[in-house]
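K.L.:
One structure follows; several queries about it will come next.
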Amino acid sequence: MSASPLSDGARLLAWAQHASGELDRNRAQINELNVFPVPDADTGSNMAHTMAAAVEEAAALPAGASLTEVAEALAVGAVRGARGNSGVVLSQIMRGFAQAAQHGATEGEMLAVALNDAVEFVSRAISEPVEGTIISVLRAAAEAAQPHAKHPLHRVVSAATAAAREALQVTRTQLPELRQAGVVDAGGAGLVVVLESLADAAAGQGIPEDAVKQVPEGHGAAGELEVMFTFRGDLDALKAQLSELGDSLIVAPLNEGEGKVHIHSREAGHVIETAYAAGGVSDLRLEVLPGSAAAGEPERLIIAVTPPGSVTSLYAASGAVTVAPGPNVAAAMLDAITRSGSDEVIVLPNGQLSNAELAEVEHAARAVEQSITILPTVRLVSGIAALSVHDPAQPLATAAFTMSEAAGEMRTALAFRAEKGALTQGGAVAKGDVVVTARGETLLIADEPMDAVVRACRRLLEHGGEQVSILFDPGELDAEALEALAGTLGVDVMVYPADGLQACAEIGVE
């Protein structure tokens with residue numbers, strides 16, 4: 001590799017590929033350091049994934065791309081692919097390189113500017129910065145680089161890396177979790193790997209191994225989900241709205257109207273609803289954080305049958321484990337039950353299983369010792385209604401009754417495109433028409449999905465109702481148009497994008 005990694009686009013990309021490889025090589029060791037903010041053992045994986053996403057974006061550029069173009073692509077890829085707190089911080093460092101590349105400065109100045117800008121970006125992006133983390137290590141590197149900015153790159157990166165190593169060792173005394181475990185911060189260790197890879201490129205130095213050590217198991221926050229997504233809209237307003245819904249909140253801008261959002265929350269469903277109401281959401285991803293079950297409480301598992309895609313994320317945010325419909329659904333359920341160790345299991349079929357498959361599930365349930373209850377959720381929207389009233393503190397029978405009641409009281413309809421012409425009790429149907437069915441009967445026929453949804457909502461509301469829930473295929477319907485129905489119908493309207501729905505929409509009224 002050239003000793004001038006910041007001199008042109010090809011060399012910058014070569015360094016990024018090298019850094020990505022080093023993060024991947026060290027991911028397992030960095031994961032073992034991960035005890036703060038929760039011991040989820042994924043910081044190394046998150047940083048490796050973030051850097052790999054940056055490299056993938058930049059590698060797609062045509063040959064001969066300039067330094068500025070490559071730096072911008074690395075930033076875009078990193079922000080969009082960022083995972084976890086440390087991944088988001090790493091993406092802001094890539095943003096710093098992109099901004100510095102536009103200044104036309106020397107390589108040493110470019111690194112100094114990039115680190116300094118990254119500190120500012122991170123300070124604005126993170127709701128409550130915590131000392132003793134990757135933030136402290138980044139700040140130390142940036143401060144050490146400034147006095148050497150006019151020198152050659154190897155001098156600047158050497159000073160920044162040395163300061164980062166020292167700051168990393170100090171982190172073990174700054175946070176109680178790190179002090180108790182006797183380790184350094186995982187994200188900071190990952191940042192040192194990135195800086196050392198740059199030093200390696202600039203001056204041929206190897207990457208020392210002493211920044212990564214073994215760590216015993218730590219402790220974490222219970223009952224939380226990690227929620228990440230790309231957001232388009234007013235980032236400052238969203239940050240203010242989400243600040244009360246969890247911790248570890250990061251809103252990292254990609255540009256003025258788009259950014260990456262990360263939060264740990266016990267109210268993941270509320271977080272997602274807030275984000276969708278505030279702007280455009282994509283790349284939604286949720287992970288269960290360790291310690292989700294409180295000590296001494298009976299464990300209850302809720303299994304929901306859902307098609308793959310965003311509906312799965314929606315159910316996961318509401319606390320359910322999802323399995324996909326298909327020939328192996330019974331085996332998938334048994335596997336989930338066995339792995340969970342739960343004493344009580346509630347199954348939400350959601351209209352995704354045939355009678356034969358339901359019988360297979362019921363037969364398979366006899367092979368386990370847990371108490372398994374199958375609820376009569378006939379649609380995905382009725383499963384959401386059932387989940388919304390689940391109280392884990394209630395006995396199984398009481399909770400199942402309440403959930404069944406909520407699902408049963410919801411009036412539902414399904415809107416789908418006809419695959420061929422037919423004559424139904426609702427009239428003649430041509431191929432491509434939108435057919436709406438309710439309780440196995442044709443409710444109405446329409447030319448367009450939006451017209452079908454509006455008419456179906458009105459029909460379902462004829463018998464009363466205070467809220468309409470709509471799962472919709474983003475390829476068929478528009479979220480803003482559906483949300484506007486609240487004014488037309490005079491009731492609350494909740495909309496959820498659902499790729500993989502295999503229908504235009506599911507509608508529920510309650």
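By order of appearance in the structure tokens: chains A, B, ..., then residues from 1 within every chain, and ligands from 1 in the order shown.
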If we count only C-alpha atoms, what is near Leu482 in chain A at a cut-off of 12 Å, once residues fewer than 5 positions away on the same chain are taken out, given as a list in words?
P.N.:
Ala277, Pro449, Met450, Asp451, Ala452, Val453, Val454, Cys457, Val468, Ser469, Ile470, Leu471, Phe472, Asp473, Pro474, Glu476, Leu477, Gly487, Thr488, Leu489, Asp492, Val493, Met494, Val495, Tyr496, Pro497, Ala505 and Ile507 of chain A
K.L.:
Report, in Å to a single decimal, how far apart CA of Glu72 in chain A and CA of Ala167 in chain A are.
P.N.:
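Here the two named atoms are 28.5 Å from each other.
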K.L.:
Could you check which of A:Thr424, A:Thr312, A:Thr43, A:Thr442 is closest to Leu380 in chain A, using only C-alpha atoms?
P.N.:
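Among the listed residues, A:Thr312 lies closest to Leu380 in chain A.
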K.L.:
Could you please write out, as a PDB file with N, CA and C atoms, in the first residue's frame, every residue of range 259-409 of chain A that DSSP assigns to strand (DSSP E or B)?
P.N.:
ATOM      1  N   GLY A 259     -30.406  11.418   7.974  1.00  0.00           N
ATOM      2  CA  GLY A 259     -29.410  10.978   8.936  1.00  0.00           C
ATOM      3  C   GLY A 259     -29.711   9.600   9.473  1.00  0.00           C
ATOM      4  N   LYS A 260     -28.798   9.099  10.270  1.00  0.00           N
ATOM      5  CA  LYS A 260     -28.932   7.791  10.898  1.00  0.00           C
ATOM      6  C   LYS A 260     -29.340   7.988  12.353  1.00  0.00           C
ATOM      7  N   VAL A 261     -30.326   7.212  12.795  1.00  0.00           N
ATOM      8  CA  VAL A 261     -30.831   7.329  14.159  1.00  0.00           C
ATOM      9  C   VAL A 261     -30.579   6.022  14.906  1.00  0.00           C
ATOM     10  N   HIS A 262     -30.130   6.144  16.139  1.00  0.00           N
ATOM     11  CA  HIS A 262     -29.859   4.992  17.000  1.00  0.00           C
ATOM     12  C   HIS A 262     -30.378   5.311  18.388  1.00  0.00           C
ATOM     13  N   ILE A 263     -31.093   4.355  18.998  1.00  0.00           N
ATOM     14  CA  ILE A 263     -31.587   4.557  20.360  1.00  0.00           C
ATOM     15  C   ILE A 263     -31.810   3.210  21.025  1.00  0.00           C
ATOM     16  N   HIS A 264     -31.580   3.146  22.330  1.00  0.00           N
ATOM     17  CA  HIS A 264     -31.963   1.996  23.163  1.00  0.00           C
ATOM     18  C   HIS A 264     -33.246   2.387  23.878  1.00  0.00           C
ATOM     19  N   SER A 265     -34.289   1.604  23.740  1.00  0.00           N
ATOM     20  CA  SER A 265     -35.575   2.014  24.296  1.00  0.00           C
ATOM     21  C   SER A 265     -36.406   0.829  24.764  1.00  0.00           C
ATOM     22  N   GLY A 280     -39.618  10.329   6.751  1.00  0.00           N
ATOM     23  CA  GLY A 280     -39.410   9.073   6.037  1.00  0.00           C
ATOM     24  C   GLY A 280     -38.458   8.163   6.779  1.00  0.00           C
ATOM     25  N   VAL A 281     -38.814   6.892   6.886  1.00  0.00           N
ATOM     26  CA  VAL A 281     -38.000   5.909   7.602  1.00  0.00           C
ATOM     27  C   VAL A 281     -37.632   4.770   6.659  1.00  0.00           C
ATOM     28  N   SER A 282     -36.362   4.393   6.662  1.00  0.00           N
ATOM     29  CA  SER A 282     -35.918   3.240   5.879  1.00  0.00           C
ATOM     30  C   SER A 282     -34.820   2.525   6.642  1.00  0.00           C
ATOM     31  N   ASP A 283     -34.467   1.332   6.160  1.00  0.00           N
ATOM     32  CA  ASP A 283     -33.397   0.529   6.785  1.00  0.00           C
ATOM     33  C   ASP A 283     -33.656   0.315   8.279  1.00  0.00           C
ATOM     34  N   LEU A 284     -34.915   0.092   8.649  1.00  0.00           N
ATOM     35  CA  LEU A 284     -35.256  -0.124  10.050  1.00  0.00           C
ATOM     36  C   LEU A 284     -34.687  -1.449  10.533  1.00  0.00           C
ATOM     37  N   ARG A 285     -34.036  -1.417  11.696  1.00  0.00           N
ATOM     38  CA  ARG A 285     -33.411  -2.615  12.249  1.00  0.00           C
ATOM     39  C   ARG A 285     -33.562  -2.602  13.762  1.00  0.00           C
ATOM     40  N   LEU A 286     -33.945  -3.741  14.324  1.00  0.00           N
ATOM     41  CA  LEU A 286     -34.106  -3.854  15.770  1.00  0.00           C
ATOM     42  C   LEU A 286     -33.336  -5.054  16.274  1.00  0.00           C
ATOM     43  N   GLU A 287     -32.760  -4.913  17.469  1.00  0.00           N
ATOM     44  CA  GLU A 287     -32.096  -6.025  18.127  1.00  0.00           C
ATOM     45  C   GLU A 287     -32.477  -6.033  19.593  1.00  0.00           C
ATOM     46  N   VAL A 288     -32.695  -7.215  20.125  1.00  0.00           N
ATOM     47  CA  VAL A 288     -33.000  -7.344  21.548  1.00  0.00           C
ATOM     48  C   VAL A 288     -31.702  -7.197  22.334  1.00  0.00           C
ATOM     49  N   ARG A 300     -42.579 -15.422  29.573  1.00  0.00           N
ATOM     50  CA  ARG A 300     -43.635 -15.742  28.625  1.00  0.00           C
ATOM     51  C   ARG A 300     -43.153 -15.368  27.230  1.00  0.00           C
ATOM     52  N   LEU A 301     -43.283 -16.288  26.314  1.00  0.00           N
ATOM     53  CA  LEU A 301     -42.865 -16.077  24.938  1.00  0.00           C
ATOM     54  C   LEU A 301     -44.099 -15.883  24.067  1.00  0.00           C
ATOM     55  N   ILE A 302     -44.078 -14.831  23.240  1.00  0.00           N
ATOM     56  CA  ILE A 302     -45.131 -14.617  22.247  1.00  0.00           C
ATOM     57  C   ILE A 302     -44.528 -14.849  20.877  1.00  0.00           C
ATOM     58  N   ILE A 303     -45.085 -15.800  20.147  1.00  0.00           N
ATOM     59  CA  ILE A 303     -44.619 -16.115  18.798  1.00  0.00           C
ATOM     60  C   ILE A 303     -45.657 -15.633  17.793  1.00  0.00           C
ATOM     61  N   ALA A 304     -45.237 -14.821  16.854  1.00  0.00           N
ATOM     62  CA  ALA A 304     -46.131 -14.306  15.830  1.00  0.00           C
ATOM     63  C   ALA A 304     -45.700 -14.832  14.461  1.00  0.00           C
ATOM     64  N   VAL A 305     -46.650 -15.333  13.697  1.00  0.00           N
ATOM     65  CA  VAL A 305     -46.364 -15.778  12.331  1.00  0.00           C
ATOM     66  C   VAL A 305     -46.515 -14.568  11.418  1.00  0.00           C
ATOM     67  N   VAL A 321     -41.516 -12.759  19.190  1.00  0.00           N
ATOM     68  CA  VAL A 321     -40.561 -13.483  18.347  1.00  0.00           C
ATOM     69  C   VAL A 321     -41.319 -13.908  17.089  1.00  0.00           C
ATOM     70  N   THR A 322     -40.750 -13.699  15.932  1.00  0.00           N
ATOM     71  CA  THR A 322     -41.474 -13.976  14.696  1.00  0.00           C
ATOM     72  C   THR A 322     -40.933 -15.218  13.996  1.00  0.00           C
ATOM     73  N   VAL A 323     -41.834 -15.938  13.341  1.00  0.00           N
ATOM     74  CA  VAL A 323     -41.463 -17.043  12.457  1.00  0.00           C
ATOM     75  C   VAL A 323     -42.206 -16.840  11.144  1.00  0.00           C
ATOM     76  N   GLU A 344     -44.222 -20.217  29.456  1.00  0.00           N
ATOM     77  CA  GLU A 344     -45.526 -19.991  28.849  1.00  0.00           C
ATOM     78  C   GLU A 344     -45.346 -19.451  27.438  1.00  0.00           C
ATOM     79  N   VAL A 345     -46.185 -19.917  26.524  1.00  0.00           N
ATOM     80  CA  VAL A 345     -46.065 -19.521  25.121  1.00  0.00           C
ATOM     81  C   VAL A 345     -47.441 -19.143  24.582  1.00  0.00           C
ATOM     82  N   ILE A 346     -47.511 -17.986  23.928  1.00  0.00           N
ATOM     83  CA  ILE A 346     -48.716 -17.560  23.217  1.00  0.00           C
ATOM     84  C   ILE A 346     -48.375 -17.473  21.734  1.00  0.00           C
ATOM     85  N   VAL A 347     -49.201 -18.077  20.903  1.00  0.00           N
ATOM     86  CA  VAL A 347     -48.979 -18.089  19.453  1.00  0.00           C
ATOM     87  C   VAL A 347     -50.026 -17.221  18.764  1.00  0.00           C
ATOM     88  N   LEU A 348     -49.560 -16.333  17.892  1.00  0.00           N
ATOM     89  CA  LEU A 348     -50.433 -15.477  17.081  1.00  0.00           C
ATOM     90  C   LEU A 348     -50.336 -15.939  15.625  1.00  0.00           C
ATOM     91  N   SER A 371     -46.670 -24.578  28.487  1.00  0.00           N
ATOM     92  CA  SER A 371     -48.090 -24.338  28.244  1.00  0.00           C
ATOM     93  C   SER A 371     -48.221 -23.430  27.027  1.00  0.00           C
ATOM     94  N   ILE A 372     -48.851 -23.925  25.968  1.00  0.00           N
ATOM     95  CA  ILE A 372     -48.942 -23.183  24.708  1.00  0.00           C
ATOM     96  C   ILE A 372     -50.395 -22.837  24.410  1.00  0.00           C
ATOM     97  N   THR A 373     -50.644 -21.545  24.164  1.00  0.00           N
ATOM     98  CA  THR A 373     -51.989 -21.068  23.852  1.00  0.00           C
ATOM     99  C   THR A 373     -51.990 -20.430  22.471  1.00  0.00           C
ATOM    100  N   ILE A 374     -52.869 -20.905  21.585  1.00  0.00           N
ATOM    101  CA  ILE A 374     -52.995 -20.338  20.238  1.00  0.00           C
ATOM    102  C   ILE A 374     -54.189 -19.389  20.226  1.00  0.00           C
TER     103      ILE A 374
END
K.L.:
To one decimal place, how far is CA of Thr338 in chain A from CA of Ala385 in chain A in Å?
P.N.:
26.3 Å
K.L.:
When DSSP is applied to the backbone of this structure, which of range 117-205 of chain A are assigned helix (DSSP H, G or I)? Write them out as a ChimeraX atom specification.
P.N.:
/A:117-125,134-148,153-174,176-181,186-203
K.L.:
Would you save the residues of that selection, restricted to C-alpha atoms, as a PDB file, in the first residue's frame?
P.N.:
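Listed below is the output, out.pdb:
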ATOM      1  CA  ASP A 117     -14.883  17.985  12.587  1.00  0.00           C
ATOM      2  CA  ALA A 118     -15.784  14.454  13.704  1.00  0.00           C
ATOM      3  CA  VAL A 119     -15.713  15.588  17.350  1.00  0.00           C
ATOM      4  CA  GLU A 120     -18.144  18.400  16.495  1.00  0.00           C
ATOM      5  CA  PHE A 121     -20.404  16.075  14.479  1.00  0.00           C
ATOM      6  CA  VAL A 122     -20.515  13.533  17.294  1.00  0.00           C
ATOM      7  CA  SER A 123     -21.187  16.194  19.931  1.00  0.00           C
ATOM      8  CA  ARG A 124     -24.205  17.365  17.945  1.00  0.00           C
ATOM      9  CA  ALA A 125     -25.385  13.844  17.082  1.00  0.00           C
ATOM     10  CA  ILE A 134     -15.094   6.147  22.120  1.00  0.00           C
ATOM     11  CA  ILE A 135     -15.973   9.855  22.383  1.00  0.00           C
ATOM     12  CA  SER A 136     -13.126  10.452  24.843  1.00  0.00           C
ATOM     13  CA  VAL A 137     -10.704   8.546  22.628  1.00  0.00           C
ATOM     14  CA  LEU A 138     -11.765  10.496  19.531  1.00  0.00           C
ATOM     15  CA  ARG A 139     -11.420  13.833  21.309  1.00  0.00           C
ATOM     16  CA  ALA A 140      -7.929  12.964  22.551  1.00  0.00           C
ATOM     17  CA  ALA A 141      -6.842  11.990  19.038  1.00  0.00           C
ATOM     18  CA  ALA A 142      -8.256  15.200  17.580  1.00  0.00           C
ATOM     19  CA  GLU A 143      -6.562  17.415  20.173  1.00  0.00           C
ATOM     20  CA  ALA A 144      -3.204  15.686  19.669  1.00  0.00           C
ATOM     21  CA  ALA A 145      -3.412  16.050  15.884  1.00  0.00           C
ATOM     22  CA  GLN A 146      -3.966  19.829  15.839  1.00  0.00           C
ATOM     23  CA  PRO A 147      -0.418  21.004  16.808  1.00  0.00           C
ATOM     24  CA  HIS A 148       1.077  18.751  14.104  1.00  0.00           C
ATOM     25  CA  LEU A 153       0.745  12.736   7.534  1.00  0.00           C
ATOM     26  CA  HIS A 154       2.809  10.132   9.358  1.00  0.00           C
ATOM     27  CA  ARG A 155       3.667  12.684  12.082  1.00  0.00           C
ATOM     28  CA  VAL A 156       0.037  13.713  12.527  1.00  0.00           C
ATOM     29  CA  VAL A 157      -1.389  10.201  12.580  1.00  0.00           C
ATOM     30  CA  SER A 158       1.389   9.045  14.908  1.00  0.00           C
ATOM     31  CA  ALA A 159       0.549  11.780  17.426  1.00  0.00           C
ATOM     32  CA  ALA A 160      -3.205  11.122  17.140  1.00  0.00           C
ATOM     33  CA  THR A 161      -2.779   7.373  17.529  1.00  0.00           C
ATOM     34  CA  ALA A 162      -0.502   7.675  20.555  1.00  0.00           C
ATOM     35  CA  ALA A 163      -3.010   9.993  22.258  1.00  0.00           C
ATOM     36  CA  ALA A 164      -5.864   7.631  21.388  1.00  0.00           C
ATOM     37  CA  ARG A 165      -4.030   4.683  22.944  1.00  0.00           C
ATOM     38  CA  GLU A 166      -3.447   6.645  26.146  1.00  0.00           C
ATOM     39  CA  ALA A 167      -7.072   7.809  26.289  1.00  0.00           C
ATOM     40  CA  LEU A 168      -8.208   4.235  25.699  1.00  0.00           C
ATOM     41  CA  GLN A 169      -6.293   2.992  28.730  1.00  0.00           C
ATOM     42  CA  VAL A 170      -7.813   5.788  30.845  1.00  0.00           C
ATOM     43  CA  THR A 171     -11.348   4.664  29.955  1.00  0.00           C
ATOM     44  CA  ARG A 172     -11.013   1.680  32.293  1.00  0.00           C
ATOM     45  CA  THR A 173     -11.033   4.166  35.209  1.00  0.00           C
ATOM     46  CA  GLN A 174     -13.724   6.527  33.903  1.00  0.00           C
ATOM     47  CA  PRO A 176     -17.899   2.026  36.766  1.00  0.00           C
ATOM     48  CA  GLU A 177     -18.818  -0.765  34.323  1.00  0.00           C
ATOM     49  CA  LEU A 178     -15.342  -0.762  32.778  1.00  0.00           C
ATOM     50  CA  ARG A 179     -13.612  -0.424  36.128  1.00  0.00           C
ATOM     51  CA  GLN A 180     -15.560  -3.358  37.556  1.00  0.00           C
ATOM     52  CA  ALA A 181     -14.801  -5.531  34.512  1.00  0.00           C
ATOM     53  CA  ALA A 186     -14.823  -1.471  23.200  1.00  0.00           C
ATOM     54  CA  GLY A 187     -15.667   1.393  20.842  1.00  0.00           C
ATOM     55  CA  GLY A 188     -12.471   3.192  21.790  1.00  0.00           C
ATOM     56  CA  ALA A 189     -10.499   0.015  21.059  1.00  0.00           C
ATOM     57  CA  GLY A 190     -12.119  -0.118  17.623  1.00  0.00           C
ATOM     58  CA  LEU A 191     -11.175   3.494  16.953  1.00  0.00           C
ATOM     59  CA  VAL A 192      -7.559   2.749  17.888  1.00  0.00           C
ATOM     60  CA  VAL A 193      -7.597  -0.083  15.329  1.00  0.00           C
ATOM     61  CA  VAL A 194      -8.810   2.371  12.660  1.00  0.00           C
ATOM     62  CA  LEU A 195      -6.127   4.946  13.516  1.00  0.00           C
ATOM     63  CA  GLU A 196      -3.427   2.301  13.652  1.00  0.00           C
ATOM     64  CA  SER A 197      -4.482   1.081  10.206  1.00  0.00           C
ATOM     65  CA  LEU A 198      -3.971   4.641   8.938  1.00  0.00           C
ATOM     66  CA  ALA A 199      -0.586   4.823  10.655  1.00  0.00           C
ATOM     67  CA  ASP A 200       0.227   1.469   9.069  1.00  0.00           C
ATOM     68  CA  ALA A 201      -0.636   2.895   5.650  1.00  0.00           C
ATOM     69  CA  ALA A 202       1.308   6.118   6.206  1.00  0.00           C
ATOM     70  CA  ALA A 203       4.464   4.758   7.852  1.00  0.00           C
TER      71      ALA A 203
END
K.L.:
Find the residues around Gln241 in chain A up to 8 Å (only C-alpha atoms counted), leave out those fewer than 4 positions away in its own chain, and share them as a ChimeraX atom specification.
P.N.:
/A:237,245,274
